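Working notes for the structure below.
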Amino acid sequence: MTSAMSNPLLVSPTRAAFLGVLVNTRLVETSFFAEHFVLTMEETAEHLSALKDAGYVKERRGTFGIGKRRWHRITGHGQVDFAAHLELVISSAGTERPSDSG
């Protein structure tokens, strides 16, 4: 397992943001990332492929209507490394994480 500090995949703001979306949802279609991050489908596929190759994302293929679709979800490994990355970013910024008790 690669530490979040040394993993360039998690230093990429786009890939980190993709994981931020995935950690809070069950499945996300590829086109969602392209539309909301204003990327081409090719750029989106490259980012998702890198996350998939790292074991952070799983892909499910299927059809919906007349078109082929791909949906993505974060893996347990992705959740662990993303959480470590967030802790690193928060500690580097010198800020404290908000308390859960309100």
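Naming scheme: A, B, ... for chains in displayed order of the structure tokens; residues 1 onward per chain; ligands 1 onward as shown.
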I want to know what sits within 10 Å of Phe18 of chain A, based on only C-alpha atoms, with residues of the same chain fewer than 3 positions away left out; could you give that as a ChimeraX atom specification? /A:10,12-15,21-23,28,33,37,44,47-48,51,57,74
Excluding Lys58 of chain A and any residue of its chain fewer than 5 positions from it, enumerate the residues within 7 Å of it, using only C-alpha atoms, and give them as a ChimeraX atom specification. /A:52,72-75
Env of Gly62 of chain A: 12 Å cut, atoms = only C-alpha atoms, seq-sep filter 4 positions within chain, self excluded. Answer as JSON, numbers by chain. {"A": [29, 30, 66, 67, 68, 69, 70, 71, 72]}
Let me see the file: selected residues, N, CA and C atoms, as a tab-separated table (two decimals), in the first residue's frame.
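Listed below is the output, part-v4.tsv:
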```
chain	number	residue	atom	x	y	z
A	29	GLU	N	-21.72	7.80	-12.46
A	29	GLU	CA	-21.50	7.55	-13.88
A	29	GLU	C	-20.36	8.43	-14.40
A	30	THR	N	-19.61	7.91	-15.36
A	30	THR	CA	-18.47	8.63	-15.93
A	30	THR	C	-18.84	10.03	-16.39
A	66	ILE	N	-30.30	3.16	-24.82
A	66	ILE	CA	-29.62	2.67	-26.02
A	66	ILE	C	-28.10	2.76	-25.91
A	67	GLY	N	-27.59	3.32	-24.84
A	67	GLY	CA	-26.15	3.53	-24.74
A	67	GLY	C	-25.47	2.68	-23.69
A	68	LYS	N	-24.17	2.51	-23.89
A	68	LYS	CA	-23.35	1.81	-22.90
A	68	LYS	C	-22.92	2.82	-21.85
A	69	ARG	N	-22.91	2.40	-20.60
A	69	ARG	CA	-22.56	3.28	-19.50
A	69	ARG	C	-21.52	2.62	-18.61
A	70	ARG	N	-20.80	3.47	-17.86
A	70	ARG	CA	-19.85	2.99	-16.86
A	70	ARG	C	-20.11	3.73	-15.57
A	71	TRP	N	-20.18	2.96	-14.49
A	71	TRP	CA	-20.38	3.53	-13.17
A	71	TRP	C	-19.16	3.20	-12.31
A	72	HIS	N	-18.87	4.06	-11.38
A	72	HIS	CA	-17.67	3.92	-10.56
A	72	HIS	C	-18.03	4.01	-9.09
```
Of the residues A:His36, A:Ala54, A:Leu88, A:Val80, which is the one nearest to Ala17 of chain A, using only C-alpha atoms?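 Result for the nearest residue to Ala17 of chain A: A:His36.
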So that I can check the secondary structure, give me every residue of chain A assigned strand (DSSP E) by backbone DSSP, as a PyMOL selection string. chain A and resi 28-29+57-64+67-74
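In this model, the gap between atom CA of Ala84 of chain A and atom CA of Glu35 of chain A comes to 27.6 Å.
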Taking the backbone alone, and naming residues the way the document does, which bits of chain A are helix (DSSP H, G or I) by DSSP, as a ChimeraX atom specification? /A:8-11,13-23,30-36,41-53,76-93
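Proximity of A:Tyr56, A:Ala50, A:Val11, A:Thr63 to Asp81 of chain A, computed with only C-alpha atoms, is greatest for A:Tyr56.
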Mind pulling up the distance from atom CA of Leu39 of chain A to atom CA of Ala93 of chain A? 28.0 Å
Distance of atom CA of Gly65 of chain A from atom CA of Gly20 of chain A, expressed in Å to one decimal place: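 Calculated distance between atom CA of Gly20 of chain A and atom CA of Gly65 of chain A is 28.4 Å.
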Which one of A:Ala34, A:Pro8, A:Met41, A:Gly55 sits closest to His77 of chain A if you count only C-alpha atoms?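 For His77 of chain A, the nearest of the candidates is A:Gly55.
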